[in-house]
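J.: Shown below is the structure under consideration.
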Amino acid sequence: MGRKRTPGLIQRKGVWHINKRICGQLICKSTGTQDLEKAELFLARIIEELRQSTIYGVRPERTFRQAGVKHLNESIKASLREDVLHLRKLDPFIGDLPLHGVHMGSLQPFIENLKKVGNSNRTINYALQVTRNILNKASGEWMDENGLTWLHAAPKIKLLTLDDAREPYPISWEEQTKLFDELPEHLRTMTLFAINTGCRDKEITGLKWEYEVDILEMQTSVFIIPAQKVKNRTNRVVVLNDVAKSIIETQRGKDPEHVFVYKGKPINRIGNSGWRDARVRAGMPHVRVHDLRHTFGRRLRASGVRFEDIQDLLGHKSSRITTHYSGPEVSNLIEAANKVCSSSSRPSPSLVILKRKVG
């Protein structure tokens with residue numbers, strides 16, 4: 001006759017699950033194992049943690065992986081997709097650590113590994129910022145049933161100095177031609193749209209037809225990207241110059257939801273392997289997708305566009321930002337954006353030389 005199983009454990013599809021009221025709380029969760037002995041040990045640990053927290057005020061031990069999952073499930077930030085990528089990189093190094101064990105010391109192997117494979121300090125800092133955000137939430141916002149925060153106090157996560165950061169590199173018209181000659185058609189279209197609107201990578205890949213707003217009296221349209229999809233969390237008004245408008249018209253009808261697709265599917269990022277390979281073939285391995293945004297801004301400045309209008313066209317966060325532009329204001333912004341379409345906006349040779357010397 002087999003030994004009796006511990007009350008509160010039930011088996012579903014071979015896996016043992018907890019279904020038990022402990023210290024007044026109903027616990028229903030999987031033990032993640034088919035082994036009864038391991039399941040009983042898991043249940044015993046849950047019982048002891050709840051007893052410690054309920055009676056003695058001792059926090060249950062939670063791992064950074066558990067905190068990461070909670071962060072992703074509850075966060076509504078625009079860059080959540082990037083957080084997923086950073087957490088995947090962090091998980092092999094600190095995923096199994098208890099929250100109190102995550103600090104600059106335990107993060108050092110992660111930092112050294114990313115540096116070894118060529119990541120910049122700026123890229124590493126993004127992951128450190130996600131880590132810091134999670135630890136701050138765990139110590140200040142997340143509470144259990146007993147009113148205890150997940151973490152007693154968040155350690156100081158110090159960001160790396162950006163001594164390896166490079167300056168923005170707006171590309172010249174000649175460099176644009178070289179790059180475009182190497183890009184596949186779908187990436188060339190998106191790159192051209194970026195240079196003529198100043199939109200970020202994610203704003204372009206995530207652009208949807210439902211964001212389009214017709215301005216009938218001007219026979220044009222703009223796109224209003226919702227704040228939750230924009231880095232600075234403000235609605236982004238995308239003004240279309242003649243080039244951007246023609247691109248939109250060529251994309252119309254290709255997909256009912258997304259403006260830019262490839263083989264019927266949305267594109268996750270412009271800076272994929274196809275884009276990176278093209279820039280190498282063009283002799284421009286240092287150019288990044290974000291430099292296209294700088295290119296738009298620089299060409300606007302070179303064309304004499306007012307600083308305030310440049311801010312609006314780039315979607316910078318300011319007291320002027322609004323989605324309630326008047327007809328004359330929209331007309332003015334379109335006129336300003338059109339200045340980068342013509343050869344008259346091209347910088348003089350002396351300006352190009354200056355850029356290359358300091359780039």
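In the structure tokens, chains take letters A, B, ... by order of appearance, with residues numbered from 1 within each chain and ligands from 1 in the order shown.
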Could you name the residues that touch Val340 (chain A) at 9 Å or less, counting only C-alpha atoms, but leaving out those on the same chain fewer than 5 positions away, as a ChimeraX atom specification?

T.: /A:195-196,241,296,299-300,302-303,345-346

J.: List every residue of region 101-342 of chain A that DSSP, applied to the backbone of this structure, places in helix (DSSP H, G or I), and write the result as a PyMOL selection string.

T.: chain A and resi 101+104-116+121-140+173-182+185-197+201-205+209-211+216-218+227-229+242-251+273-281+290-302+307-314+327-340

J.: Please produce an output containing C-alpha atoms for each residue in the selection, written as a CSV table (one decimal), in the first residue's frame.

T.:
chain,number,residue,atom,x,y,z
A,101,GLY,CA,20.5,39.4,-4.2
A,104,MET,CA,25.7,46.0,-8.9
A,105,GLY,CA,27.9,43.1,-7.7
A,106,SER,CA,25.6,40.3,-9.0
A,107,LEU,CA,25.0,42.3,-12.2
A,108,GLN,CA,28.8,42.6,-13.0
A,109,PRO,CA,28.9,39.2,-15.0
A,110,PHE,CA,26.0,40.4,-17.1
A,111,ILE,CA,27.7,43.8,-17.8
A,112,GLU,CA,31.0,42.2,-18.7
A,113,ASN,CA,29.3,39.7,-21.0
A,114,LEU,CA,27.5,42.4,-23.0
A,115,LYS,CA,30.7,44.4,-23.3
A,116,LYS,CA,32.5,41.3,-24.5
A,121,ASN,CA,27.4,51.3,-22.5
A,122,ARG,CA,24.2,53.0,-23.7
A,123,THR,CA,22.7,49.6,-24.6
A,124,ILE,CA,23.8,48.1,-21.3
A,125,ASN,CA,22.3,51.0,-19.5
A,126,TYR,CA,18.9,50.3,-21.0
A,127,ALA,CA,18.9,46.9,-19.3
A,128,LEU,CA,20.2,48.4,-16.0
A,129,GLN,CA,17.3,50.9,-16.1
A,130,VAL,CA,14.8,48.1,-16.5
A,131,THR,CA,16.4,46.3,-13.6
A,132,ARG,CA,16.3,49.5,-11.5
A,133,ASN,CA,12.7,50.1,-12.4
A,134,ILE,CA,11.7,46.6,-11.3
A,135,LEU,CA,13.6,46.8,-8.0
A,136,ASN,CA,12.1,50.2,-7.2
A,137,LYS,CA,8.6,48.8,-7.9
A,138,ALA,CA,9.3,45.8,-5.7
A,139,SER,CA,10.4,48.0,-2.8
A,140,GLY,CA,7.8,50.8,-3.1
A,173,TRP,CA,22.5,63.2,-49.9
A,174,GLU,CA,25.3,61.3,-51.6
A,175,GLU,CA,25.4,58.8,-48.7
A,176,GLN,CA,21.6,58.5,-48.9
A,177,THR,CA,21.9,57.5,-52.5
A,178,LYS,CA,24.6,54.9,-51.7
A,179,LEU,CA,22.5,53.4,-48.9
A,180,PHE,CA,19.3,53.3,-51.0
A,181,ASP,CA,21.1,51.5,-53.8
A,182,GLU,CA,21.9,48.7,-51.4
A,185,GLU,CA,12.7,47.7,-51.6
A,186,HIS,CA,10.6,47.4,-48.4
A,187,LEU,CA,13.4,48.8,-46.2
A,188,ARG,CA,14.2,51.5,-48.8
A,189,THR,CA,10.6,52.7,-48.6
A,190,MET,CA,10.6,52.8,-44.8
A,191,THR,CA,14.0,54.5,-44.7
A,192,LEU,CA,12.8,57.1,-47.1
A,193,PHE,CA,9.8,57.7,-44.9
A,194,ALA,CA,12.0,58.1,-41.8
A,195,ILE,CA,14.2,60.7,-43.5
A,196,ASN,CA,11.1,62.7,-44.6
A,197,THR,CA,9.2,62.5,-41.3
A,201,ASP,CA,12.0,53.0,-35.9
A,202,LYS,CA,9.1,51.8,-33.7
A,203,GLU,CA,6.8,54.6,-34.8
A,204,ILE,CA,7.2,53.5,-38.4
A,205,THR,CA,7.0,49.8,-38.0
A,209,TRP,CA,-4.1,53.1,-40.9
A,210,GLU,CA,-6.4,53.8,-38.0
A,211,TYR,CA,-4.0,56.6,-36.9
A,216,LEU,CA,-10.1,67.3,-46.6
A,217,GLU,CA,-9.9,71.0,-47.2
A,218,MET,CA,-6.1,70.6,-47.8
A,227,ALA,CA,0.8,58.5,-26.7
A,228,GLN,CA,1.2,55.0,-25.4
A,229,LYS,CA,3.0,54.0,-28.6
A,242,ASP,CA,5.3,65.4,-50.6
A,243,VAL,CA,7.7,62.4,-50.5
A,244,ALA,CA,6.1,60.9,-47.3
A,245,LYS,CA,2.6,61.4,-48.8
A,246,SER,CA,3.6,59.6,-52.0
A,247,ILE,CA,4.9,56.7,-49.9
A,248,ILE,CA,1.7,56.5,-48.0
A,249,GLU,CA,-0.3,56.3,-51.3
A,250,THR,CA,1.9,53.5,-52.6
A,251,GLN,CA,1.4,51.5,-49.3
A,273,SER,CA,20.0,42.2,-40.7
A,274,GLY,CA,19.0,43.3,-44.2
A,275,TRP,CA,19.4,46.9,-43.2
A,276,ARG,CA,22.7,46.3,-41.4
A,277,ASP,CA,24.1,44.4,-44.3
A,278,ALA,CA,23.1,47.1,-46.8
A,279,ARG,CA,24.9,49.8,-44.8
A,280,VAL,CA,28.1,47.8,-44.8
A,281,ARG,CA,27.9,47.3,-48.6
A,290,HIS,CA,18.2,56.7,-35.5
A,291,ASP,CA,20.6,58.7,-37.6
A,292,LEU,CA,17.7,59.0,-40.2
A,293,ARG,CA,15.8,61.1,-37.6
A,294,HIS,CA,18.9,63.3,-37.1
A,295,THR,CA,19.2,63.6,-40.8
A,296,PHE,CA,15.6,65.0,-41.1
A,297,GLY,CA,16.3,67.5,-38.2
A,298,ARG,CA,19.6,68.7,-39.7
A,299,ARG,CA,18.1,69.2,-43.1
A,300,LEU,CA,15.3,71.2,-41.6
A,301,ARG,CA,17.8,73.4,-39.8
A,302,ALA,CA,19.9,73.8,-43.0
A,307,PHE,CA,13.3,75.8,-34.2
A,308,GLU,CA,9.7,75.6,-32.9
A,309,ASP,CA,8.5,74.0,-36.2
A,310,ILE,CA,11.4,71.5,-36.1
A,311,GLN,CA,10.3,70.5,-32.6
A,312,ASP,CA,6.8,69.9,-33.8
A,313,LEU,CA,7.9,68.0,-36.9
A,314,LEU,CA,10.2,65.7,-34.8
A,327,GLY,CA,-5.4,74.7,-40.9
A,328,PRO,CA,-2.8,77.5,-41.3
A,329,GLU,CA,-0.5,75.7,-38.7
A,330,VAL,CA,-0.7,72.4,-40.6
A,331,SER,CA,-0.1,74.2,-43.9
A,332,ASN,CA,3.0,75.8,-42.3
A,333,LEU,CA,4.3,72.5,-41.0
A,334,ILE,CA,3.8,70.8,-44.4
A,335,GLU,CA,5.6,73.7,-46.2
A,336,ALA,CA,8.5,73.4,-43.7
A,337,ALA,CA,8.7,69.6,-44.1
A,338,ASN,CA,8.7,70.0,-47.9
A,339,LYS,CA,11.9,72.0,-47.7
A,340,VAL,CA,13.8,68.8,-47.3

J.: Between CA of Lys20 (chain A) and CA of Gly8 (chain A), what is the distance in Å, rounded to a tenth?

T.: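 Spanning CA of Lys20 (chain A) to CA of Gly8 (chain A) is a straight-line distance of 4.7 Å.
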
J.: Could you find all residues in region 229-275 of chain A that DSSP calls strand (DSSP E or B) from the backbone, and write them as a list in words?

T.: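 Output for region 229-275 of chain A, strand (DSSP E or B) only: Arg236, Val237, Val238, Val239, His258, Val261, Tyr262, Lys265 and Pro266 of chain A.
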
J.: Using only C-alpha atoms, which of the listed residues (A:Pro226, A:Gly283, A:Gly68, A:Pro60) sits closest to Glu145 (chain A)?

T.: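 Ranked by minimum distance to Glu145 (chain A), first place goes to A:Pro60.
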
J.: Using only C-alpha atoms, which protein or nucleic acid residues come within 10 Å of Ile27 (chain A)? Drop anything in the same chain fewer than 2 positions from it, and give the result as an MDAnalysis selection string.

T.: chainID A and resid 8 17:25 29:30 43 46:47

J.: Restricting it to all heavy atoms, dump the selection as an mmCIF file, in the first residue's frame.

T.:
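The file below, out_11.cif, is the result:
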data_model
loop_
_atom_site.group_PDB
_atom_site.id
_atom_site.type_symbol
_atom_site.label_atom_id
_atom_site.label_comp_id
_atom_site.auth_asym_id
_atom_site.auth_seq_id
_atom_site.Cartn_x
_atom_site.Cartn_y
_atom_site.Cartn_z
ATOM 1 N N GLY A 8 -4.021 18.736 0.285
ATOM 2 C CA GLY A 8 -3.828 20.008 -0.405
ATOM 3 C C GLY A 8 -3.132 19.874 -1.734
ATOM 4 O O GLY A 8 -2.980 20.856 -2.467
ATOM 5 N N HIS A 17 -0.584 19.950 -8.238
ATOM 6 C CA HIS A 17 -1.016 21.330 -8.006
ATOM 7 C C HIS A 17 -1.416 21.504 -6.545
ATOM 8 O O HIS A 17 -1.928 20.569 -5.907
ATOM 9 C CB HIS A 17 -2.221 21.679 -8.894
ATOM 10 C CG HIS A 17 -1.883 21.814 -10.343
ATOM 11 N ND1 HIS A 17 -1.853 23.021 -11.006
ATOM 12 C CD2 HIS A 17 -1.556 20.866 -11.269
ATOM 13 C CE1 HIS A 17 -1.535 22.817 -12.272
ATOM 14 N NE2 HIS A 17 -1.351 21.529 -12.460
ATOM 15 N N ILE A 18 -1.206 22.707 -6.029
ATOM 16 C CA ILE A 18 -1.626 23.040 -4.666
ATOM 17 C C ILE A 18 -3.037 23.591 -4.704
ATOM 18 O O ILE A 18 -3.354 24.464 -5.517
ATOM 19 C CB ILE A 18 -0.686 24.082 -4.035
ATOM 20 C CG1 ILE A 18 0.743 23.533 -3.953
ATOM 21 C CG2 ILE A 18 -1.176 24.499 -2.649
ATOM 22 C CD1 ILE A 18 1.769 24.560 -3.502
ATOM 23 N N ASN A 19 -3.881 23.082 -3.846
ATOM 24 C CA ASN A 19 -5.242 23.607 -3.669
ATOM 25 C C ASN A 19 -5.540 23.525 -2.177
ATOM 26 O O ASN A 19 -6.101 22.557 -1.685
ATOM 27 C CB ASN A 19 -6.253 22.790 -4.478
ATOM 28 C CG ASN A 19 -7.629 23.432 -4.483
ATOM 29 O OD1 ASN A 19 -7.874 24.389 -3.749
ATOM 30 N ND2 ASN A 19 -8.530 22.917 -5.289
ATOM 31 N N LYS A 20 -5.128 24.563 -1.456
ATOM 32 C CA LYS A 20 -5.155 24.475 0.001
ATOM 33 C C LYS A 20 -5.284 25.868 0.603
ATOM 34 O O LYS A 20 -4.719 26.845 0.075
ATOM 35 C CB LYS A 20 -3.858 23.817 0.491
ATOM 36 C CG LYS A 20 -3.771 23.556 1.987
ATOM 37 C CD LYS A 20 -2.455 22.891 2.313
ATOM 38 C CE LYS A 20 -2.323 22.621 3.814
ATOM 39 N NZ LYS A 20 -3.285 21.605 4.283
ATOM 40 N N ARG A 21 -6.027 25.989 1.682
ATOM 41 C CA ARG A 21 -6.123 27.249 2.418
ATOM 42 C C ARG A 21 -5.037 27.256 3.486
ATOM 43 O O ARG A 21 -4.992 26.390 4.361
ATOM 44 C CB ARG A 21 -7.503 27.400 3.048
ATOM 45 C CG ARG A 21 -7.738 28.779 3.676
ATOM 46 C CD ARG A 21 -9.195 28.958 4.075
ATOM 47 N NE ARG A 21 -10.067 29.009 2.904
ATOM 48 C CZ ARG A 21 -10.277 30.095 2.164
ATOM 49 N NH1 ARG A 21 -9.656 31.220 2.475
ATOM 50 N NH2 ARG A 21 -11.088 30.042 1.130
ATOM 51 N N ILE A 22 -4.153 28.275 3.386
ATOM 52 C CA ILE A 22 -3.009 28.362 4.288
ATOM 53 C C ILE A 22 -3.034 29.724 4.970
ATOM 54 O O ILE A 22 -3.050 30.763 4.292
ATOM 55 C CB ILE A 22 -1.672 28.186 3.517
ATOM 56 C CG1 ILE A 22 -1.696 26.886 2.697
ATOM 57 C CG2 ILE A 22 -0.495 28.203 4.481
ATOM 58 C CD1 ILE A 22 -0.532 26.753 1.740
ATOM 59 N N CYS A 23 -3.049 29.732 6.269
ATOM 60 C CA CYS A 23 -3.075 30.987 7.047
ATOM 61 C C CYS A 23 -4.185 31.914 6.566
ATOM 62 O O CYS A 23 -4.009 33.135 6.447
ATOM 63 C CB CYS A 23 -1.729 31.694 6.965
ATOM 64 S SG CYS A 23 -0.346 30.768 7.677
ATOM 65 N N GLY A 24 -5.329 31.311 6.247
ATOM 66 C CA GLY A 24 -6.479 32.097 5.820
ATOM 67 C C GLY A 24 -6.491 32.456 4.346
ATOM 68 O O GLY A 24 -7.439 33.097 3.871
ATOM 69 N N GLN A 25 -5.469 32.062 3.590
ATOM 70 C CA GLN A 25 -5.403 32.371 2.164
ATOM 71 C C GLN A 25 -5.550 31.099 1.346
ATOM 72 O O GLN A 25 -4.908 30.088 1.637
ATOM 73 C CB GLN A 25 -4.070 33.035 1.811
ATOM 74 C CG GLN A 25 -3.806 34.338 2.551
ATOM 75 C CD GLN A 25 -2.445 34.912 2.197
ATOM 76 O OE1 GLN A 25 -1.973 34.780 1.080
ATOM 77 N NE2 GLN A 25 -1.796 35.554 3.171
ATOM 78 N N LYS A 29 -2.035 26.846 -7.113
ATOM 79 C CA LYS A 29 -0.936 27.047 -8.050
ATOM 80 C C LYS A 29 -0.262 25.720 -8.352
ATOM 81 O O LYS A 29 -0.355 24.764 -7.573
ATOM 82 C CB LYS A 29 0.081 28.041 -7.495
ATOM 83 C CG LYS A 29 0.772 27.600 -6.234
ATOM 84 C CD LYS A 29 1.650 28.713 -5.647
ATOM 85 C CE LYS A 29 2.700 29.179 -6.604
ATOM 86 N NZ LYS A 29 3.572 30.232 -5.994
ATOM 87 N N SER A 30 0.425 25.680 -9.470
ATOM 88 C CA SER A 30 1.133 24.467 -9.866
ATOM 89 C C SER A 30 2.467 24.386 -9.142
ATOM 90 O O SER A 30 3.122 25.402 -8.900
ATOM 91 C CB SER A 30 1.366 24.470 -11.377
ATOM 92 O OG SER A 30 2.223 23.412 -11.757
ATOM 93 N N LEU A 43 5.247 22.541 -1.435
ATOM 94 C CA LEU A 43 4.114 22.950 -0.603
ATOM 95 C C LEU A 43 4.590 23.343 0.795
ATOM 96 O O LEU A 43 4.129 24.349 1.365
ATOM 97 C CB LEU A 43 3.086 21.816 -0.513
ATOM 98 C CG LEU A 43 1.913 22.031 0.451
ATOM 99 C CD1 LEU A 43 1.132 23.293 0.097
ATOM 100 C CD2 LEU A 43 0.993 20.804 0.454
ATOM 101 N N ILE A 46 5.999 26.783 0.695
ATOM 102 C CA ILE A 46 4.940 27.790 0.582
ATOM 103 C C ILE A 46 4.280 28.020 1.940
ATOM 104 O O ILE A 46 4.039 29.162 2.360
ATOM 105 C CB ILE A 46 3.882 27.352 -0.448
ATOM 106 C CG1 ILE A 46 4.484 27.292 -1.862
ATOM 107 C CG2 ILE A 46 2.688 28.297 -0.416
ATOM 108 C CD1 ILE A 46 4.916 28.622 -2.407
ATOM 109 N N ILE A 47 4.014 26.912 2.666
ATOM 110 C CA ILE A 47 3.377 27.018 3.984
ATOM 111 C C ILE A 47 4.266 27.803 4.940
ATOM 112 O O ILE A 47 3.808 28.686 5.671
ATOM 113 C CB ILE A 47 3.076 25.612 4.558
ATOM 114 C CG1 ILE A 47 1.988 24.926 3.707
ATOM 115 C CG2 ILE A 47 2.648 25.697 6.023
ATOM 116 C CD1 ILE A 47 1.738 23.476 4.086
#

J.: Give me the residues within 10 Å of region 35-38 of chain A as a list in words, counting only C-alpha atoms and dropping any in the same chain fewer than 3 places off.

T.: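 Contacts, with the query itself left out: Arg5, Thr6, Leu9, Ile10, Gln11, Gly14, Val15, Trp16, Thr31, Gly32, Leu41, Phe42, Leu43 and Ala44 of chain A.
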
J.: With distances taken over only C-alpha atoms, which residue among A:Lys231, A:Glu212, A:Arg62, A:Pro155 lies nearest Leu80 (chain A)?

T.: A:Lys231

J.: Given only C-alpha atoms as the basis, pick out the residue of A:Met143, A:Pro168, A:Lys158, A:Gly206 nearest to Asn268 (chain A).

T.: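 Of A:Met143, A:Pro168, A:Lys158, A:Gly206, the one nearest Asn268 (chain A), counting only C-alpha atoms, is A:Gly206.
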